[in-house]
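Okay, target.cif is below, mmCIF, C-alpha atoms:
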data_data
#
loop_
_atom_site.label_atom_id
_atom_site.label_comp_id
_atom_site.auth_asym_id
_atom_site.auth_seq_id
_atom_site.Cartn_x
_atom_site.Cartn_y
_atom_site.Cartn_z
CA MET A 6 25.44 10.47 -9.48
CA ARG A 7 21.96 11.87 -8.88
CA LYS A 8 20.75 12.52 -5.33
CA ALA A 9 17.47 11.28 -3.83
CA LEU A 10 15.90 11.96 -0.45
CA PHE A 11 13.24 9.65 0.97
CA ILE A 12 11.04 10.71 3.85
CA GLY A 13 10.60 7.35 5.56
CA GLY A 14 12.24 4.72 3.41
CA THR A 15 11.92 1.60 5.59
CA GLY A 16 8.25 0.65 5.16
CA THR A 17 6.54 -2.04 3.12
CA ILE A 18 6.66 -0.10 -0.14
CA SER A 19 9.80 1.94 0.36
CA SER A 20 12.14 -0.75 1.75
CA ALA A 21 12.37 -2.52 -1.63
CA ILE A 22 13.05 0.76 -3.41
CA THR A 23 15.75 1.62 -0.88
CA ALA A 24 17.41 -1.78 -1.31
CA SER A 25 17.31 -1.61 -5.10
CA LEU A 26 18.74 1.91 -5.26
CA ALA A 27 21.49 0.98 -2.79
CA ALA A 28 22.49 -1.94 -5.00
CA GLY A 29 22.85 0.28 -8.07
CA ASN A 30 25.17 3.10 -9.03
CA GLU A 31 22.81 5.73 -10.44
CA TRP A 32 21.44 7.28 -7.25
CA GLU A 33 22.95 8.45 -3.98
CA LEU A 34 20.18 7.83 -1.46
CA THR A 35 19.51 9.62 1.83
CA LEU A 36 16.70 8.71 4.22
CA LEU A 37 15.12 11.26 6.53
CA ASN A 38 13.36 9.50 9.39
CA ARG A 39 13.36 9.05 13.17
CA GLY A 40 15.79 6.13 12.99
CA ASN A 41 13.50 3.47 14.44
CA ARG A 42 14.04 0.87 11.68
CA ASN A 43 17.40 1.77 10.17
CA ALA A 44 19.53 -1.04 11.63
CA ALA A 45 19.32 -3.29 8.56
CA LEU A 46 19.90 -0.59 5.95
CA PRO A 47 22.72 -1.01 3.40
CA GLY A 48 25.88 0.77 4.43
CA ASN A 49 25.86 3.16 1.48
CA VAL A 50 22.50 4.69 2.40
CA HIS A 51 22.93 8.05 4.13
CA LEU A 52 20.78 8.99 7.11
CA LEU A 53 19.28 12.23 8.37
CA LYS A 54 17.73 11.53 11.76
CA ALA A 55 14.81 13.87 12.32
CA ASP A 56 11.06 14.00 12.80
CA ILE A 57 9.63 15.42 9.58
CA SER A 58 6.76 16.95 11.58
CA ASP A 59 9.26 19.35 13.17
CA GLU A 60 9.36 21.62 10.16
CA ALA A 61 11.68 24.23 11.61
CA ALA A 62 14.31 21.68 12.68
CA VAL A 63 14.11 19.85 9.35
CA GLY A 64 14.43 23.13 7.47
CA GLU A 65 17.66 23.85 9.31
CA LEU A 66 18.91 20.31 8.65
CA LEU A 67 18.24 20.70 4.93
CA GLU A 68 19.83 24.13 4.65
CA GLY A 69 21.94 24.32 1.50
CA THR A 70 20.87 20.93 0.14
CA GLN A 71 19.60 20.23 -3.38
CA TRP A 72 17.97 17.01 -4.57
CA ASP A 73 17.18 15.49 -7.93
CA CYS A 74 14.25 13.62 -6.37
CA VAL A 75 12.41 13.79 -3.05
CA CYS A 76 9.74 11.26 -2.11
CA ASP A 77 7.40 11.34 0.89
CA PHE A 78 6.20 7.84 1.81
CA ILE A 79 4.40 8.96 4.97
CA GLY A 80 2.23 11.89 3.87
CA PHE A 81 -1.40 11.18 4.70
CA VAL A 82 -3.18 14.52 5.20
CA PRO A 83 -3.02 17.88 3.40
CA ALA A 84 -1.11 19.62 6.20
CA GLN A 85 1.78 17.21 5.66
CA VAL A 86 2.13 17.84 1.93
CA GLU A 87 1.72 21.57 2.50
CA ARG A 88 4.71 21.30 4.84
CA ASP A 89 6.65 19.36 2.18
CA TRP A 90 5.87 22.01 -0.40
CA ARG A 91 7.30 24.68 1.89
CA LEU A 92 10.40 22.60 2.62
CA PHE A 93 11.17 21.40 -0.91
CA ARG A 94 9.74 23.87 -3.42
CA GLU A 95 13.21 25.31 -3.97
CA ARG A 96 15.22 22.20 -3.09
CA THR A 97 14.21 19.50 -5.58
CA LYS A 98 13.79 18.85 -9.30
CA GLN A 99 11.07 16.26 -8.61
CA TYR A 100 8.78 15.59 -5.67
CA MET A 101 7.12 12.16 -5.70
CA TYR A 102 4.02 11.74 -3.57
CA ILE A 103 2.73 8.34 -2.51
CA SER A 104 -1.05 8.51 -2.80
CA SER A 105 -3.32 5.44 -2.97
CA ALA A 106 -5.30 3.54 -5.58
CA SER A 107 -8.12 3.47 -3.02
CA ALA A 108 -8.68 7.09 -4.07
CA TYR A 109 -10.22 5.88 -7.33
CA GLN A 110 -13.99 6.01 -7.64
CA LYS A 111 -15.90 3.68 -5.30
CA PRO A 112 -17.97 1.93 -6.35
CA PRO A 113 -16.23 2.03 -9.75
CA GLN A 114 -18.15 2.58 -12.97
CA SER A 115 -15.79 0.12 -14.63
CA GLU A 116 -13.60 -2.59 -13.18
CA ILE A 117 -10.79 -1.45 -15.50
CA ILE A 118 -8.94 1.33 -13.70
CA THR A 119 -6.80 3.89 -15.51
CA GLU A 120 -5.21 7.07 -14.19
CA GLN A 121 -8.19 8.93 -15.67
CA THR A 122 -10.68 7.11 -13.43
CA PRO A 123 -12.32 9.76 -11.20
CA LEU A 124 -11.00 10.21 -7.68
CA VAL A 125 -13.91 9.90 -5.26
CA ASN A 126 -14.37 7.61 -2.26
CA PRO A 127 -17.29 8.39 0.07
CA TYR A 128 -16.53 5.34 2.24
CA TRP A 129 -13.00 6.01 3.48
CA GLU A 130 -11.55 9.14 5.07
CA TYR A 131 -8.03 7.86 4.42
CA SER A 132 -8.73 7.92 0.67
CA ARG A 133 -10.40 11.32 0.78
CA ASN A 134 -7.35 12.74 2.52
CA LYS A 135 -5.12 11.29 -0.19
CA ILE A 136 -7.35 12.91 -2.83
CA ALA A 137 -7.06 16.26 -1.04
CA CYS A 138 -3.27 15.90 -0.89
CA GLU A 139 -3.14 15.24 -4.62
CA ALA A 140 -5.37 18.25 -5.32
CA PHE A 141 -3.10 20.57 -3.33
CA LEU A 142 0.06 19.33 -5.05
CA MET A 143 -1.41 19.51 -8.55
CA GLU A 144 -2.61 23.05 -7.83
CA LYS A 145 0.97 23.97 -6.91
CA TYR A 146 2.21 22.28 -10.09
CA ARG A 147 -0.24 24.16 -12.30
CA GLY A 148 0.15 27.48 -10.48
CA GLU A 149 3.89 27.66 -9.90
CA GLY A 150 5.51 24.63 -11.49
CA PHE A 151 6.08 22.60 -8.33
CA PRO A 152 7.56 19.40 -9.86
CA VAL A 153 5.20 16.78 -8.48
CA THR A 154 4.72 13.19 -9.63
CA VAL A 155 1.85 11.29 -7.97
CA ILE A 156 2.15 7.54 -7.38
CA ARG A 157 -0.93 5.45 -6.52
CA PRO A 158 -0.04 2.02 -5.10
CA SER A 159 -2.72 -0.57 -4.67
CA HIS A 160 -2.33 -3.55 -2.29
CA THR A 161 1.47 -3.91 -2.03
CA TYR A 162 3.05 -6.46 0.30
CA ASP A 163 6.46 -7.78 1.36
CA GLU A 164 7.88 -10.74 3.27
CA ARG A 165 6.82 -9.27 6.62
CA LYS A 166 3.08 -9.51 6.10
CA VAL A 167 0.54 -11.67 4.30
CA PRO A 168 -2.24 -9.70 2.60
CA VAL A 169 -5.73 -10.67 3.76
CA SER A 170 -9.01 -8.80 3.52
CA VAL A 171 -10.48 -9.32 7.00
CA HIS A 172 -8.09 -8.86 9.91
CA GLY A 173 -7.85 -7.15 13.28
CA ASP A 174 -5.77 -4.32 14.65
CA MET A 175 -2.64 -6.46 14.97
CA GLY A 176 -2.38 -7.45 11.32
CA SER A 177 -2.67 -10.74 9.49
CA TRP A 178 -0.88 -13.22 11.77
CA GLN A 179 -4.05 -14.21 13.64
CA VAL A 180 -5.65 -15.15 10.31
CA LEU A 181 -2.69 -17.42 9.55
CA ARG A 182 -2.87 -18.83 13.07
CA ARG A 183 -6.54 -19.70 12.56
CA MET A 184 -5.66 -21.51 9.33
CA LEU A 185 -2.89 -23.46 11.06
CA ASP A 186 -5.32 -24.38 13.84
CA GLY A 187 -7.92 -25.63 11.35
CA LYS A 188 -10.38 -22.83 12.18
CA PRO A 189 -12.52 -21.01 9.59
CA VAL A 190 -11.32 -17.61 8.41
CA LEU A 191 -13.64 -14.81 7.36
CA VAL A 192 -13.76 -13.82 3.69
CA HIS A 193 -15.86 -10.88 2.58
CA GLY A 194 -18.69 -11.47 0.12
CA ASP A 195 -18.70 -14.77 -1.74
CA GLY A 196 -14.96 -14.56 -2.39
CA THR A 197 -15.34 -14.15 -6.16
CA THR A 198 -14.50 -10.46 -6.51
CA ARG A 199 -11.07 -9.98 -8.05
CA TRP A 200 -8.14 -8.18 -6.49
CA THR A 201 -4.61 -7.17 -7.46
CA LEU A 202 -1.68 -7.87 -5.14
CA THR A 203 1.76 -6.47 -5.94
CA HIS A 204 5.05 -7.58 -4.42
CA ASN A 205 7.12 -4.63 -3.23
CA THR A 206 10.10 -5.62 -5.41
CA ASP A 207 7.88 -5.32 -8.49
CA PHE A 208 6.54 -1.97 -7.31
CA ALA A 209 10.13 -0.78 -6.90
CA LYS A 210 10.87 -1.39 -10.60
CA GLY A 211 8.15 0.96 -11.76
CA PHE A 212 8.88 3.56 -9.11
CA ILE A 213 12.61 3.76 -9.83
CA GLY A 214 11.86 4.04 -13.55
CA LEU A 215 9.86 7.22 -12.84
CA MET A 216 12.53 8.81 -10.64
CA GLY A 217 14.20 11.73 -12.35
CA LEU A 218 12.01 11.35 -15.44
CA PRO A 219 11.11 14.82 -16.80
CA GLU A 220 7.96 13.61 -18.56
CA ALA A 221 6.62 12.27 -15.24
CA ILE A 222 6.36 15.79 -13.79
CA GLY A 223 2.72 16.81 -13.37
CA GLU A 224 1.52 13.24 -13.95
CA ALA A 225 -0.03 10.47 -11.86
CA TYR A 226 0.70 6.75 -12.19
CA HIS A 227 -0.45 3.60 -10.50
CA ILE A 228 2.08 0.78 -10.21
CA THR A 229 0.62 -2.71 -9.84
CA SER A 230 0.90 -6.29 -10.96
CA ASP A 231 -1.22 -7.42 -13.92
CA GLU A 232 -2.28 -10.57 -12.05
CA SER A 233 -5.91 -10.60 -10.94
CA LEU A 234 -7.10 -13.20 -8.42
CA THR A 235 -10.37 -13.84 -6.66
CA TRP A 236 -10.29 -13.65 -2.89
CA ASN A 237 -11.04 -17.36 -2.78
CA GLU A 238 -7.91 -17.92 -4.87
CA ILE A 239 -5.90 -15.56 -2.65
CA TYR A 240 -6.85 -17.43 0.51
CA GLY A 241 -6.22 -20.70 -1.32
CA CYS A 242 -2.66 -19.58 -2.09
CA ILE A 243 -2.14 -18.63 1.56
CA ALA A 244 -3.42 -22.01 2.75
CA GLU A 245 -1.19 -23.78 0.22
CA ALA A 246 1.86 -21.91 1.50
CA LEU A 247 0.93 -22.91 5.06
CA GLY A 248 0.38 -26.54 4.04
CA VAL A 249 -3.25 -26.65 5.16
CA GLU A 250 -6.70 -26.92 3.59
CA PRO A 251 -8.56 -23.59 3.63
CA LYS A 252 -11.78 -23.30 5.61
CA LEU A 253 -13.54 -20.16 4.44
CA CYS A 254 -16.55 -18.53 6.06
CA HIS A 255 -18.09 -16.10 3.58
CA VAL A 256 -19.77 -13.06 5.10
CA SER A 257 -21.19 -10.04 3.32
CA SER A 258 -19.13 -6.85 3.51
CA ASP A 259 -22.17 -4.90 4.71
CA PHE A 260 -22.62 -7.37 7.58
CA LEU A 261 -18.96 -7.17 8.60
CA ASP A 262 -19.15 -3.38 8.54
CA ALA A 263 -22.30 -3.42 10.67
CA VAL A 264 -21.12 -5.84 13.37
CA GLY A 265 -17.35 -5.35 13.48
CA PRO A 266 -15.38 -3.05 15.75
CA TYR A 267 -12.89 -2.67 12.87
CA ASP A 268 -12.81 -0.28 9.91
CA TYR A 269 -14.51 -2.47 7.36
CA ARG A 270 -16.46 0.41 5.87
CA GLY A 271 -13.26 1.90 4.51
CA ASN A 272 -11.19 -1.25 4.14
CA LEU A 273 -13.91 -3.29 2.43
CA LEU A 274 -16.75 -1.10 1.11
CA GLY A 275 -14.27 1.62 0.16
CA ASP A 276 -11.69 -0.71 -1.30
CA LYS A 277 -11.41 -4.52 -1.26
CA ALA A 278 -15.07 -5.41 -1.84
CA GLN A 279 -14.79 -4.07 -5.39
CA THR A 280 -13.46 -5.96 -8.39
CA VAL A 281 -10.77 -3.82 -10.01
CA ARG A 282 -8.16 -4.44 -12.70
CA PHE A 283 -5.41 -1.91 -13.26
CA ASP A 284 -4.38 -0.82 -16.73
CA ASN A 285 -0.63 -0.16 -16.46
CA SER A 286 -0.18 1.04 -20.04
CA LYS A 287 0.59 4.63 -18.97
CA LEU A 288 3.37 3.37 -16.70
CA ARG A 289 4.76 1.18 -19.47
CA ARG A 290 4.88 4.12 -21.85
CA ALA A 291 6.96 6.01 -19.29
CA VAL A 292 9.00 2.99 -18.16
CA PRO A 293 9.34 0.66 -21.18
CA GLY A 294 9.81 -2.95 -20.22
CA PHE A 295 8.15 -2.66 -16.82
CA GLU A 296 6.82 -6.04 -15.79
CA ALA A 297 5.74 -7.48 -12.46
CA THR A 298 7.46 -10.87 -12.22
CA VAL A 299 6.50 -12.14 -8.74
CA PRO A 300 3.17 -14.04 -8.93
CA PHE A 301 1.20 -14.07 -5.71
CA ARG A 302 1.63 -17.82 -5.22
CA GLU A 303 5.41 -17.26 -5.07
CA GLY A 304 5.29 -14.00 -3.14
CA VAL A 305 3.01 -15.31 -0.42
CA ARG A 306 5.18 -18.40 0.01
CA ARG A 307 8.15 -16.12 0.65
CA ALA A 308 6.09 -14.17 3.17
CA VAL A 309 4.81 -17.25 4.98
CA ASP A 310 8.29 -18.75 5.18
CA TYR A 311 9.69 -15.51 6.57
CA ILE A 312 6.93 -15.04 9.15
CA LEU A 313 7.11 -18.62 10.39
CA ALA A 314 10.88 -18.22 10.81
CA HIS A 315 10.59 -14.90 12.67
CA PRO A 316 8.56 -15.10 15.91
CA GLU A 317 8.54 -11.30 16.21
CA CYS A 318 6.19 -11.26 13.19
CA GLN A 319 3.73 -13.58 14.94
CA VAL A 320 1.74 -11.01 16.90
CA PRO A 321 -1.33 -12.62 18.50
CA ASP A 322 -4.69 -10.87 18.43
CA PRO A 323 -6.99 -12.72 20.86
CA ALA A 324 -9.74 -10.09 20.62
CA PHE A 325 -9.95 -10.50 16.85
CA ASP A 326 -9.77 -14.27 17.15
CA ALA A 327 -12.70 -14.33 19.60
CA TRP A 328 -14.69 -11.95 17.39
CA CYS A 329 -14.13 -14.22 14.37
CA ASP A 330 -15.43 -17.17 16.39
CA ARG A 331 -18.59 -15.23 17.27
CA VAL A 332 -19.18 -14.24 13.65
CA VAL A 333 -18.71 -17.81 12.43
CA VAL A 334 -21.15 -19.11 15.07
CA ALA A 335 -23.69 -16.43 14.13
CA VAL A 336 -23.44 -17.15 10.39
CA GLU A 337 -23.61 -20.91 10.78
CA GLY A 338 -26.42 -20.57 13.30
CA ALA A 339 -28.44 -18.44 10.89
CA LYS A 340 -27.95 -21.03 8.15
CA ALA A 341 -29.05 -23.87 10.42
CA SER A 342 -32.03 -21.94 11.74
CA LEU A 343 -33.34 -21.09 8.29
CA ALA A 344 -32.60 -24.55 6.90
CA ASN A 345 -34.74 -26.16 9.61
CA LYS A 346 -37.84 -24.14 8.72
#
For the structure just supplied, provide its representation as C-alpha cells.
Amino acid sequence: MRKALFIGGTGTISSAITASLAAGNEWELTLLNRGNRNAALPGNVHLLKADISDEAAVGELLEGTQWDCVCDFIGFVPAQVERDWRLFRERTKQYMYISSASAYQKPPQSEIITEQTPLVNPYWEYSRNKIACEAFLMEKYRGEGFPVTVIRPSHTYDERKVPVSVHGDMGSWQVLRRMLDGKPVLVHGDGTTRWTLTHNTDFAKGFIGLMGLPEAIGEAYHITSDESLTWNEIYGCIAEALGVEPKLCHVSSDFLDAVGPYDYRGNLLGDKAQTVRFDNSKLRRAVPGFEATVPFREGVRRAVDYILAHPECQVPDPAFDAWCDRVVVAVEGAKASLANK
C-alpha cells in the first residue's frame, strides 16, 4: 500500500479527498496538522500533530520517513513552499501543491481557460503569491528534479458553506439569512457572467487520479466541473434550495470595490467578475473517465440542508448585513432620483 502525507487534510477541498482515500485500500494516509478539526476523521487515518511552521520540530518528527505522495493544502506564500522543499526534497516521490485558478490571467484574453493560460493577476495579492509559489517549485523541478505536481482549484465547495460572490468576513450565512428574511442580496454586475462551481467530492476524483502518477510530475492541472452557470442562475439555485423567491440587487463590481470594507478588488475584479470556462481535457488525458457528477442545483441543496440542520454553521454577520442595507438603499435611491428627472 502506498503512503501519502497531507499537510492539513480537513479543509473544504482536502476533507473529501481524505474521506475517499480512507474508504479505499490503495493508500495509507497520514495527516500532519495541529489537531483542531480531527475529531470526525475515519479511524484508519493516521495523525501527526504538529505545526508545520515549526520546521525544526517537523523535521525531527519526519526523521526516517518516506512518502509516495505529499500534498500541502495550506501553502500560501513562497516561504511556506520553500520550507516544504527543504523538508521533503529527499522524502517523497511526488509533492502536490494546491495553487489556485485565480492565478490565471485577469482579465482573461479568452473565457476558455487551459493550463497554458498565462499566470498573471494584478488585482489580487493572494493569486500573485500562488504564482510565486508555483514559480519556485517549478524552478526546483527543472533544476534538480524536485517531483512537483501543481493543482489549481477554482471555486470548490462542500456541505459546510454555500458559495456566493458578495459576502462579509463571516462567510455566506448572512446572505442566506437575508434571503430567508425576504431581503435583497447583492450580486456583482448584472449577474450574467458565468462561473464554475465544483463540489469537493468531484474535485477529489481528479486529485486522487493524479496521486502517484509519474506523468503528472512537472505538470500543472486544474480540476473543475464542466457546468457553467450565470450568477443569476447560481443565486436562483440557492433561493430554490431555501424555498424562497430570490430578490437580487445588481451592483457593479467597481462600485462594490470602491465602497466596501471587504476585499472585492481581489475577490471580484481579480476573480469572480470574469466569465471563465475551464477546459479539463488535460486532466482527462491523465485521469481517463474523470467526470464531475454533482450539479450545483444538487450540491447547493445538500449544503443548505446541512447548514440549516447545524446551528454552528449559522454565524451571523450584523456589520455585513447593515452594509448590504446601505448599499441597497443607495442603489435604489440613485435609480429613483434619476428616474424622476
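Distances here use all atoms listed in the file; by that measure, the residue among A:Gly304, A:Gly173, A:Gly13, A:Gly69 closest to Tyr269 of chain A is A:Gly173.
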| said: Take the PyMOL selection byres ((chain A and resi 155-172) around 7), run it mentally on this structure, and tell me the resulting residues as number ranges by chain. | reply: A: 17-18, 101-107, 153-154, 173-174, 176-177, 180, 191-192, 201-205, 224-229, 277, 305, 307-308, 311-312, 318
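The protein and nucleic acid residues lying at most 7 Å from segment 117-125 of chain A are Ala108, Tyr109, Gln110, Lys111, Ile136, Ala225, Tyr226, His227, Val281, Arg282, Phe283 and Asp284 of chain A, with only C-alpha atoms considered and sequence neighbours fewer than 4 positions away removed.
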Can you sort out the box for segment 193-209 of chain A, edges along x, y and z, all listed atoms in, 4 Å on every side, with centre and edge lengths in Å to one decimal, as AutoDock Vina command-line options?
--center_x -4.3 --center_y -7.8 --center_z -3.0 --size_x 36.8 --size_y 22.0 --size_z 19.1
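Evaluated against the shown file, the PyMOL selection byres ((chain A and resi 22) around 10) gives Phe11, Gly14, Thr15, Gly16, Thr17, Ile18, Ser19, Ser20, Ala21, Thr23, Ala24, Ser25, Leu26, Ala27, Ala28, Asn205, Thr206, Asp207, Phe208, Ala209, Lys210, Gly211, Phe212 and Ile213 of chain A.
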| Result set, the PyMOL selection byres ((chain A and resi 251-261) around 10) on current file, as a PyMOL selection string | chain A and resi 171+183-185+187-196+237+240-245+247-250+262-270+272-274+277-278+329+332-333+336-337
What are the nearest atom pairs, with distances in Å to one decimal, for all residues of segment 133-222 of chain A that come at most 7 Å from segment 320-324 of chain A, using all atoms listed in the file, set out by chain and rising residue number as CSV?
residue,atom,partner,partner_atom,distance
A:Met175,CA,A:Asp322,CA,6.0
A:Trp178,CA,A:Val320,CA,6.2
A:Gln179,CA,A:Pro321,CA,5.8
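The coordinates place atom CA of Tyr128 of chain A at 5.3 Å from atom CA of Gly271 of chain A.
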| task | List the neighbours of Gly150 of chain A out to 10 Å using all atoms listed in the file; skip same-chain residues closer than 6 positions along the sequence, and give me the result as a ChimeraX atom specification. | result | /A:94,142-144,222-223
Next, the residues of the selection above should be written as a PDB file, in the frame of the given file with C-alpha atoms.
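Done, and the output landed in again.pdb:
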ATOM      1  CA  ARG A  94       9.740  23.870  -3.420  1.00  0.00           C
ATOM      2  CA  LEU A 142       0.060  19.330  -5.050  1.00  0.00           C
ATOM      3  CA  MET A 143      -1.410  19.510  -8.550  1.00  0.00           C
ATOM      4  CA  GLU A 144      -2.610  23.050  -7.830  1.00  0.00           C
ATOM      5  CA  ILE A 222       6.360  15.790 -13.790  1.00  0.00           C
ATOM      6  CA  GLY A 223       2.720  16.810 -13.370  1.00  0.00           C
TER       7      GLY A 223
END
| field | Contact residues around Asn41 of chain A with all atoms listed in the file at 10 Å, ignoring same-chain residues under 2 positions, as JSON, numbers by chain | value | {"A": [15, 38, 39, 43, 44, 54]}
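Nearest residue to Asp231 of chain A among A:Thr280, A:Gly275, A:Glu296, A:Val75 is A:Glu296, counting all atoms listed in the file.
Across the model, the gap from atom CA of Ile239 of chain A to atom CA of Pro300 of chain A is 11.1 Å.
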Any chance you could build segment 312-321 of chain A out to all heavy atoms and write it as an mmCIF file, in the frame of the given file?
data_model
loop_
_atom_site.group_PDB
_atom_site.id
_atom_site.type_symbol
_atom_site.label_atom_id
_atom_site.label_comp_id
_atom_site.auth_asym_id
_atom_site.auth_seq_id
_atom_site.Cartn_x
_atom_site.Cartn_y
_atom_site.Cartn_z
ATOM 1 N N ILE A 312 7.678 -15.260 7.900
ATOM 2 C CA ILE A 312 6.930 -15.040 9.150
ATOM 3 C C ILE A 312 7.063 -16.234 10.079
ATOM 4 O O ILE A 312 7.254 -16.081 11.298
ATOM 5 C CB ILE A 312 5.460 -14.732 8.812
ATOM 6 C CG1 ILE A 312 5.359 -13.358 8.154
ATOM 7 C CG2 ILE A 312 4.585 -14.800 10.065
ATOM 8 C CD1 ILE A 312 4.013 -13.065 7.533
ATOM 9 N N LEU A 313 6.992 -17.437 9.539
ATOM 10 C CA LEU A 313 7.110 -18.620 10.390
ATOM 11 C C LEU A 313 8.515 -18.747 10.978
ATOM 12 O O LEU A 313 8.694 -19.353 12.049
ATOM 13 C CB LEU A 313 6.767 -19.880 9.586
ATOM 14 C CG LEU A 313 5.304 -20.012 9.150
ATOM 15 C CD1 LEU A 313 5.098 -21.305 8.363
ATOM 16 C CD2 LEU A 313 4.354 -19.963 10.347
ATOM 17 N N ALA A 314 9.504 -18.167 10.309
ATOM 18 C CA ALA A 314 10.880 -18.220 10.810
ATOM 19 C C ALA A 314 11.227 -17.048 11.725
ATOM 20 O O ALA A 314 12.320 -17.033 12.309
ATOM 21 C CB ALA A 314 11.860 -18.241 9.630
ATOM 22 N N HIS A 315 10.312 -16.081 11.856
ATOM 23 C CA HIS A 315 10.590 -14.900 12.670
ATOM 24 C C HIS A 315 9.450 -14.704 13.680
ATOM 25 O O HIS A 315 8.413 -14.109 13.353
ATOM 26 C CB HIS A 315 10.727 -13.653 11.785
ATOM 27 C CG HIS A 315 11.964 -13.650 10.959
ATOM 28 N ND1 HIS A 315 12.088 -14.392 9.795
ATOM 29 C CD2 HIS A 315 13.162 -13.006 11.123
ATOM 30 C CE1 HIS A 315 13.289 -14.191 9.277
ATOM 31 N NE2 HIS A 315 13.961 -13.377 10.073
ATOM 32 N N PRO A 316 9.624 -15.196 14.892
ATOM 33 C CA PRO A 316 8.560 -15.100 15.910
ATOM 34 C C PRO A 316 8.095 -13.668 16.175
ATOM 35 O O PRO A 316 6.936 -13.471 16.563
ATOM 36 C CB PRO A 316 9.228 -15.700 17.157
ATOM 37 C CG PRO A 316 10.274 -16.618 16.622
ATOM 38 C CD PRO A 316 10.790 -15.954 15.379
ATOM 39 N N GLU A 317 8.960 -12.683 15.962
ATOM 40 C CA GLU A 317 8.540 -11.300 16.210
ATOM 41 C C GLU A 317 7.435 -10.853 15.251
ATOM 42 O O GLU A 317 6.736 -9.860 15.515
ATOM 43 C CB GLU A 317 9.736 -10.348 16.103
ATOM 44 C CG GLU A 317 10.312 -10.170 14.713
ATOM 45 C CD GLU A 317 11.344 -11.224 14.332
ATOM 46 O OE1 GLU A 317 11.451 -12.259 15.030
ATOM 47 O OE2 GLU A 317 12.048 -11.008 13.320
ATOM 48 N N CYS A 318 7.272 -11.574 14.136
ATOM 49 C CA CYS A 318 6.190 -11.260 13.190
ATOM 50 C C CYS A 318 4.873 -11.931 13.577
ATOM 51 O O CYS A 318 3.839 -11.657 12.971
ATOM 52 C CB CYS A 318 6.572 -11.707 11.784
ATOM 53 S SG CYS A 318 7.989 -10.848 11.077
ATOM 54 N N GLN A 319 4.908 -12.801 14.557
ATOM 55 C CA GLN A 319 3.730 -13.580 14.940
ATOM 56 C C GLN A 319 3.039 -12.913 16.139
ATOM 57 O O GLN A 319 3.097 -13.383 17.268
ATOM 58 C CB GLN A 319 4.148 -15.008 15.271
ATOM 59 C CG GLN A 319 4.852 -15.715 14.117
ATOM 60 C CD GLN A 319 5.495 -17.018 14.515
ATOM 61 O OE1 GLN A 319 5.109 -17.642 15.494
ATOM 62 N NE2 GLN A 319 6.505 -17.444 13.755
ATOM 63 N N VAL A 320 2.372 -11.799 15.846
ATOM 64 C CA VAL A 320 1.740 -11.010 16.900
ATOM 65 C C VAL A 320 0.309 -11.498 17.113
ATOM 66 O O VAL A 320 -0.538 -11.355 16.228
ATOM 67 C CB VAL A 320 1.738 -9.509 16.535
ATOM 68 C CG1 VAL A 320 1.125 -8.687 17.659
ATOM 69 C CG2 VAL A 320 3.155 -9.036 16.221
ATOM 70 N N PRO A 321 0.015 -12.095 18.265
ATOM 71 C CA PRO A 321 -1.330 -12.620 18.500
ATOM 72 C C PRO A 321 -2.355 -11.509 18.660
ATOM 73 O O PRO A 321 -2.027 -10.401 19.079
ATOM 74 C CB PRO A 321 -1.174 -13.432 19.792
ATOM 75 C CG PRO A 321 -0.006 -12.812 20.483
ATOM 76 C CD PRO A 321 0.915 -12.332 19.403
#
